[in-house]
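Colleague: I'd like to ask some things about the structure below.
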Amino acid sequence: MEYLLSILVLCSLYVMLSSSFNLIIGYGGLVSVAHPIFFAIGAYVAALSAIHFGLSAVPAVLLGGAVAIVASAAISLPSLRVSGDYLLITSIGFQLGLLQIIKNLEITGGPGGLTNIPSTITGAIRSPAFAAISVVLAAATVLLIRWLMRGPYGRAITAMRDDELAFTALGRNATRIKIVIFALGCGMAGIAGGIYAFFYQYVSPEQFEILQSALILTMVVVGGISTTWGPVVGAVLLLALPQAITFIQMPPNVAGGLQGVLYTLLVLIFMFARPQGIVSAPRTQL
Amino acid sequence: MLDPIILLQIAWTGIAISSYYVLFTIAFSLALKVMQLWNFAQAGLMALAFYAMFFALNRLALPLPLGIAFGVAVTVIAAVALEVFGLRTLRARRSGNLTFFIFTLIVAEFVAYLLMMIFGTEPQTLFPSILSKVHIVMNIAVSNWDLIAVGTTLACVAALWAFLRFHQDGQFMLAVAENAALAELYGISAKRAYLVTMIIVAIISCAGMYLFGSRSGVFPTTPLELLLVAVIATLLGGMGRIFAAGIAAVALGLIQSFSVLVISSQWQTLVLYAFLFVTIIFFPLGFRLPLWLRKAFKPAA
């Protein structure tokens with residue numbers, strides 16, 4: 001039961017991550033691969049504020065989300081000022097650079113990570129409580145994005161993505177919309193990171209490496225880019241995959257590689273064979 | 001006060017290190033110029049080049065020229081497959097930039113994971129020893145590797161320049177880079193130009209990985225980090241200016257080398273990431289000399 005609840009928490013967190021990433025890459029058309037680093041920022045900020053300042057879980061998680069939003073501006077402001085293409089490059093640099101800093105700082109625990117994150121909920125209700133919180137937050141994320149995209153702001157986002165020139169010619173500020181979308185998506189990832197830190201009570205830099213970028217991208221592309229439910233389907237399906245690999249009992253380096261190969265291969269297969277993903281959007285053209 | 005010999009030594013080491021940066025940069029910049037493609041799949045080709053050479057030299061025990069030839073062959077075949085089955089299909093579908101980005105990045109990651117499965121996650125070098133004979137020239141230590149690296153890079157850059165300037169395929173590549181649709185109207189095959197570009201990218205990547213792999217340990221994910229330097233240099237040199245990007249790569253190598261004077265080695269790679277941000281904020285269209293300086297160097301008409 002404990003194991004299943006743990007999987008449920010992980011599934012919910014990845015639904016949050018993939019849905020928020022879909023908001024950025026799918027709905028917004030902004031190419032960034034640094035989503036895991038905002039997950040990391042949320043996790044580390046929440047963990048460190050709880051360890052060093054004794055902050056309780058809710059403000060710590062919210063702080064993690066807020067810092068992720070501020071950090072997102074550090075990427076989006078310089079890169080989107082020039083062109084959308086630069087966002088991808090800046091995001092790669094930001095992810096690799098920040099991971100390098102995390103690995104070398106004493107306060108973040110270096111490559112070994114942070115282990116002494118306080119437990120906020122104890123006893124038999126711990127896992128069910130975390131599972132309930134995570135499921136509610138995942139549902140809230142999906143519904144919030146759905147609500148956003150069906151409203152006037154969502155129509156503006158779609159118009160901006162489909163024809164930025166025409167959108168700008170109408171007097172709308174495309175850069176501002178991009179920065180807002182990016183911040184919103186990164187903030188959601190930061191909140192997911194905070195919950196992750198409090199549930200697992202352990203964070204290390206290797207959990208946020210480039211494999212995570214491939215994983216989240218796979219969830220979105222395989223599930224269905226620019227759809228509400230695609231990333232949810234993708235997250236649930238792809239989290240089942242490593243569980244299956246765990247049962248095969250392979251050496252860790254082979255299992256890690258195999259997992260990455262499967263994720264990236266799935267993206268490639270879907271890109272060419274079914275670009276619209278499992279759940280297709282009304283007008284998806286990859 | 002720093003000893004001038006030490007400064008010269010750091011400068012020479014920086015130039016030698018920048019040799020492979022230059023090769024990765026001109027390959028990346030060439031694909032961007034001709035194909036208008038941020039070719040992150042180059043990292044996959046670089047990884048493939050290194051591990052093919054590693055396999056040929058260490059597992060098959062082939063002599064060095066054959067080992068290099070094997071690496072070049074494998075990389076060229078992969079580059080051609082990438083162009084014919086991947087990029088060409090996406091172009092035919094009129095896919096957007098987003099799709100090309102995802103595709104090239106995922107190809108790079110796919111290759112890295114595949115190699116991780118086959119060769120493990122331990123760092124590998126092309127040769128059992130990475131030490132090379134050192135000569136003292138004017139009190140500066142110059143290793144054989146340094147000379148090979150600088151010589152190979154100069155030869156590759158000169159060959160690329162000559163190819164683009166004098167060979168028909170090179171001229172067609174530049175024409176396609178300027179305006180692919182117009183070039184096709186004049187009977188130039190854009191498909192062929194793209195294919196030739198990918199082959200050149202593969203060959204130059206192989207040369208760069210030979211130099212890097214004979215001096216440092218390579219992980220399957222190392223090429224993606226190396227490619228970031230190429231991206232920064234390409235931005236700094238200005239998109240579409242292949243050889244200016246190469247010069248920017250030398251500058252980055254020198255800056256990285258001289259940074260040992262002010263920061264510890266564990267933070268050295270951060271200098272490059274800092275440069276990425278500085279470039280994007282202050283030189284988004286590339287670094288150019290002031291107009292008066294350019295005029296001063298411009299030959300009289």
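The chains in the structure tokens are called A, B, ... from first to last as shown; in each chain the residues are counted from 1, and the ligands are counted from 1 in the order shown.
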Counting only C-alpha atoms, a student should be able to say which residues of chain A come within 6 Å of chain B; what is the right answer, written as a ChimeraX atom specification?
Modeller: /A:78,93,97,254,257,260-261,264,286
Colleague: Can you pull out every residue from stretch 114-250 of chain B that DSSP, working from the backbone, puts in strand (DSSP E or B), and format the result as a PyMOL selection string?
Modeller: chain B and resi 124+134-137+140-143+218
Colleague: Compile the contact shell of B:Ala193 as an MDAnalysis selection string: residues with an atom at most 10 Å away, counting only C-alpha atoms, same-chain residues fewer than 2 positions apart removed.
Modeller: chainID B and resid 34:35 169:177 180 188:191 195:199
Colleague: Just write the chosen residues, C-alpha atoms, as a short mmCIF file (atom, residue, chain, number, x, y, z; two decimals), in the first residue's frame.
Modeller:
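Final file, out-v3.cif:
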```cif
data_model
loop_
_atom_site.label_atom_id
_atom_site.label_comp_id
_atom_site.auth_asym_id
_atom_site.auth_seq_id
_atom_site.Cartn_x
_atom_site.Cartn_y
_atom_site.Cartn_z
CA VAL B 34 23.15 26.60 -44.52
CA MET B 35 20.22 24.72 -43.00
CA ASP B 169 29.21 22.19 -53.73
CA GLY B 170 30.54 24.75 -51.27
CA GLN B 171 29.36 27.63 -53.44
CA PHE B 172 25.96 25.97 -53.79
CA MET B 173 25.79 25.59 -50.01
CA LEU B 174 26.33 29.33 -49.62
CA ALA B 175 23.70 30.03 -52.26
CA VAL B 176 21.20 27.82 -50.43
CA ALA B 177 22.13 29.56 -47.19
CA ALA B 180 17.08 28.25 -50.68
CA ILE B 188 20.81 24.17 -57.31
CA SER B 189 19.66 21.20 -55.27
CA ALA B 190 18.98 22.30 -51.70
CA LYS B 191 18.70 18.64 -50.70
CA LEU B 195 23.38 16.52 -47.27
CA VAL B 196 26.87 17.84 -47.95
CA THR B 197 26.55 20.14 -44.94
CA MET B 198 25.69 17.22 -42.68
CA ILE B 199 28.63 15.20 -44.02
#
```
Colleague: Could you state the separation of atom CA of A:Pro152 and atom CA of A:Val221 in Å, given to one decimal place?
Modeller: 25.4 Å
Colleague: Applying 9 Å and only C-alpha atoms, which residues near A:Ile92 remain after dropping the ones on its own chain fewer than 4 positions away? List them as a list of chain:residue names.
Modeller: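 Once the adjacent positions are removed, what remains is A:Ser32, A:Val33, A:Ala34, A:Leu87, A:Leu88, A:Leu96, A:Gly97, B:Leu228.
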Colleague: Extract, using only C-alpha atoms, all DNA, RNA and protein residues at most 12 Å from A:Glu164, discarding same-chain residues fewer than 6 positions from it, and format them as a short mmCIF file (atom, residue, chain, number, x, y, z; two decimals) with N, CA and C atoms, in the first residue's frame.
Modeller:
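Contents of result-v6.cif, freshly written:
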```cif
data_model
loop_
_atom_site.label_atom_id
_atom_site.label_comp_id
_atom_site.auth_asym_id
_atom_site.auth_seq_id
_atom_site.Cartn_x
_atom_site.Cartn_y
_atom_site.Cartn_z
N GLY A 28 2.12 27.69 -25.39
CA GLY A 28 2.88 28.93 -25.60
C GLY A 28 3.84 28.87 -26.76
N GLY A 29 4.21 27.65 -27.19
CA GLY A 29 5.18 27.50 -28.28
C GLY A 29 6.57 27.97 -27.89
N LEU A 30 6.87 27.95 -26.58
CA LEU A 30 8.19 28.40 -26.11
C LEU A 30 9.05 27.17 -25.85
N SER A 83 14.72 36.95 -29.12
CA SER A 83 13.93 36.06 -29.98
C SER A 83 13.62 34.80 -29.20
N GLY A 84 12.52 34.14 -29.55
CA GLY A 84 12.11 32.92 -28.86
C GLY A 84 13.15 31.82 -28.95
N ALA A 156 -5.70 34.52 -26.53
CA ALA A 156 -4.58 35.42 -26.87
C ALA A 156 -3.28 34.62 -26.98
N ILE A 157 -3.10 33.67 -26.05
CA ILE A 157 -1.88 32.84 -26.07
C ILE A 157 -1.82 32.05 -27.39
N THR A 158 -2.96 31.43 -27.76
CA THR A 158 -3.01 30.63 -28.99
C THR A 158 -2.72 31.51 -30.21
N LEU A 170 -1.54 43.70 -34.09
CA LEU A 170 -2.82 44.12 -33.49
C LEU A 170 -2.61 44.92 -32.21
N GLY A 171 -1.37 45.18 -31.88
CA GLY A 171 -1.07 46.01 -30.72
C GLY A 171 -0.91 45.24 -29.43
N ARG A 172 -0.86 43.89 -29.52
CA ARG A 172 -0.70 43.10 -28.30
C ARG A 172 0.78 42.87 -28.01
N ASN A 173 1.10 42.72 -26.73
CA ASN A 173 2.49 42.53 -26.32
C ASN A 173 2.80 41.04 -26.17
N ALA A 174 3.41 40.47 -27.22
CA ALA A 174 3.69 39.03 -27.22
C ALA A 174 4.73 38.66 -26.16
N THR A 175 5.74 39.51 -26.00
CA THR A 175 6.80 39.19 -25.04
C THR A 175 6.24 39.08 -23.62
N ILE A 177 3.22 38.24 -22.71
CA ILE A 177 2.46 36.99 -22.58
C ILE A 177 3.42 35.81 -22.40
N LYS A 178 4.50 35.81 -23.18
CA LYS A 178 5.47 34.70 -23.09
C LYS A 178 6.09 34.65 -21.69
#
```
